[in-house]
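As provided, run35.tsv (TSV, C-alpha atoms) reads as follows.
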```
chain	number	residue	atom	x	y	z
A	162	MET	CA	14.00	-9.96	3.08
A	163	PRO	CA	13.87	-8.47	6.60
A	164	PHE	CA	10.22	-7.37	6.44
A	165	CYS	CA	7.29	-9.02	8.21
A	166	ASP	CA	4.20	-10.22	6.31
A	167	ASP	CA	2.16	-7.12	7.30
A	168	THR	CA	4.83	-4.85	5.83
A	169	LEU	CA	5.01	-6.86	2.60
A	170	VAL	CA	1.21	-6.70	2.21
A	171	LEU	CA	1.23	-2.93	2.77
A	172	ILE	CA	4.04	-2.47	0.23
A	173	ALA	CA	2.15	-4.51	-2.37
A	174	ALA	CA	-1.06	-2.56	-1.71
A	175	LEU	CA	0.66	0.81	-2.03
A	176	LYS	CA	2.21	-0.29	-5.33
A	177	LYS	CA	-1.27	-1.19	-6.61
A	178	LEU	CA	-2.34	2.31	-5.61
A	179	GLY	CA	0.39	3.79	-7.81
A	180	ILE	CA	3.09	4.47	-5.23
A	181	SER	CA	6.66	3.77	-6.37
A	182	ILE	CA	8.56	1.69	-3.83
A	183	ARG	CA	12.06	0.33	-4.40
A	184	GLN	CA	14.15	-1.73	-2.03
A	185	LYS	CA	17.77	-0.76	-1.51
A	186	ASN	CA	19.40	-3.36	0.72
A	187	THR	CA	17.29	-3.24	3.90
A	188	ASP	CA	15.93	0.26	3.18
A	189	LEU	CA	12.89	1.28	1.18
A	190	GLU	CA	12.84	4.22	-1.21
A	191	ILE	CA	9.27	5.50	-1.50
A	192	GLN	CA	8.18	8.10	-4.05
A	193	GLY	CA	4.93	9.52	-2.72
A	194	GLY	CA	2.04	10.63	-4.85
A	195	GLY	CA	1.36	13.92	-3.09
A	196	GLY	CA	-1.85	12.56	-1.65
A	197	ASN	CA	-2.97	11.18	-5.02
A	198	PHE	CA	-3.49	7.48	-5.43
A	199	ASP	CA	-4.48	5.46	-8.49
A	200	LYS	CA	-7.81	3.70	-8.36
A	201	PRO	CA	-6.89	0.00	-8.34
A	202	LYS	CA	-8.13	-2.07	-11.27
A	203	LYS	CA	-8.82	-5.08	-9.03
A	204	PRO	CA	-9.62	-5.49	-5.34
A	205	ILE	CA	-6.59	-5.34	-3.06
A	206	ASN	CA	-6.48	-8.32	-0.73
A	207	LEU	CA	-4.97	-7.36	2.62
A	208	GLY	CA	-5.51	-10.76	4.19
A	209	ASN	CA	-4.96	-10.52	7.94
A	210	ALA	CA	-2.50	-7.63	7.71
A	211	GLU	CA	-3.90	-5.33	10.39
A	212	THR	CA	-1.17	-2.74	9.85
A	213	ALA	CA	-2.18	-2.36	6.21
A	214	VAL	CA	-5.87	-2.16	7.13
A	215	ARG	CA	-5.17	0.58	9.69
A	216	PHE	CA	-3.16	2.77	7.33
A	217	LEU	CA	-5.19	2.20	4.18
A	218	THR	CA	-8.56	2.80	5.85
A	219	ALA	CA	-7.50	6.40	6.50
A	220	VAL	CA	-5.92	6.83	3.06
A	221	LEU	CA	-8.80	5.37	1.08
A	222	ALA	CA	-11.48	7.26	3.00
A	223	GLY	CA	-10.32	10.46	1.34
A	224	MET	CA	-10.33	9.17	-2.23
A	225	PRO	CA	-12.96	10.34	-4.73
A	226	TRP	CA	-13.73	6.74	-5.69
A	227	ARG	CA	-15.47	4.00	-3.71
A	228	SER	CA	-13.36	1.54	-1.79
A	229	CYS	CA	-14.11	-1.25	0.63
A	230	ILE	CA	-11.83	-2.94	3.12
```
Go ahead and express the file in the form of structure tokens.
Amino acid sequence: MPFCDDTLVLIAALKKLGISIRQKNTDLEIQGGGGNFDKPKKPINLGNAETAVRFLTAVLAGMPWRSCI
């Protein structure tokens, strides 16, 4: 797969937040949630993926449920 670790972590996190992501060859098909995300049932471990932390901090700050990164 031609994606770096940070990208793979972000993809996994978005899936846990209810975003549909499918890989087609080297492209990703992403079905957005219109700004709505599912509250994850378990903590999402982002490890050292700074890209995921940067994007998800902004996304999760606007959710009606508590989150912690």
Write out as an NGL selection string the residues lying within 10 Å of A:Asn197, counting all atoms listed in the file and excluding same-chain residues fewer than 3 positions away.
:A and (178-180 or 193-194 or 200 or 220 or 223-224)
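Take atom CA of A:Gly195 and atom CA of A:Val214: the distance between them is 20.4 Å.
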Taking only C-alpha atoms into account, which of A:Gln184, A:Ser228, A:Thr218, A:Asp199 comes nearest A:Ile172?
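When distances to A:Ile172 are compared using only C-alpha atoms, the smallest one comes from A:Gln184.
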Excluding same-chain residues fewer than 6 positions from A:Ile182, what lies within 12 Å of it counting all atoms listed in the file, as a short mmCIF file (atom, residue, chain, number, x, y, z; two decimals) with C-alpha atoms, keeping the file's coordinate frame?
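The file below, selection.cif, is the result:
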```cif
data_model
loop_
_atom_site.label_atom_id
_atom_site.label_comp_id
_atom_site.auth_asym_id
_atom_site.auth_seq_id
_atom_site.Cartn_x
_atom_site.Cartn_y
_atom_site.Cartn_z
CA LEU A 169 5.01 -6.86 2.60
CA LEU A 171 1.23 -2.93 2.77
CA ILE A 172 4.04 -2.47 0.23
CA ALA A 173 2.15 -4.51 -2.37
CA ALA A 174 -1.06 -2.56 -1.71
CA LEU A 175 0.66 0.81 -2.03
CA LYS A 176 2.21 -0.29 -5.33
CA ASP A 188 15.93 0.26 3.18
CA LEU A 189 12.89 1.28 1.18
CA GLU A 190 12.84 4.22 -1.21
CA ILE A 191 9.27 5.50 -1.50
CA GLN A 192 8.18 8.10 -4.05
CA GLY A 193 4.93 9.52 -2.72
CA GLY A 194 2.04 10.63 -4.85
#
```
Please write out, as AutoDock Vina command-line options, where the centre of an axis-aligned box around all listed atoms of stretch 192-202 of chain A lies and how long its edges are, in Å to one decimal, after adding 8 Å on each side.
```
--center_x 0.0 --center_y 5.9 --center_z -6.5 --size_x 32.3 --size_y 32.0 --size_z 25.6
```
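For the pair atom CA of A:Gly208 and atom CA of A:Cys229, the interatomic distance is 13.3 Å.
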If we count all atoms listed in the file, what is near A:Asp167 at a cut-off of 7 Å, once residues fewer than 2 positions away on the same chain are taken out, given as a ChimeraX atom specification?
/A:165,169-171,210,212-213
Interatomic distance (Å, one decimal) between atom CA of A:Lys177 and atom CA of A:Pro204
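Interatomic distance here is 9.5 Å.
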Proximity to A:Asp166 - best of A:Thr187, A:Arg227, A:Leu207, A:Gly196, all atoms listed in the file
A:Leu207
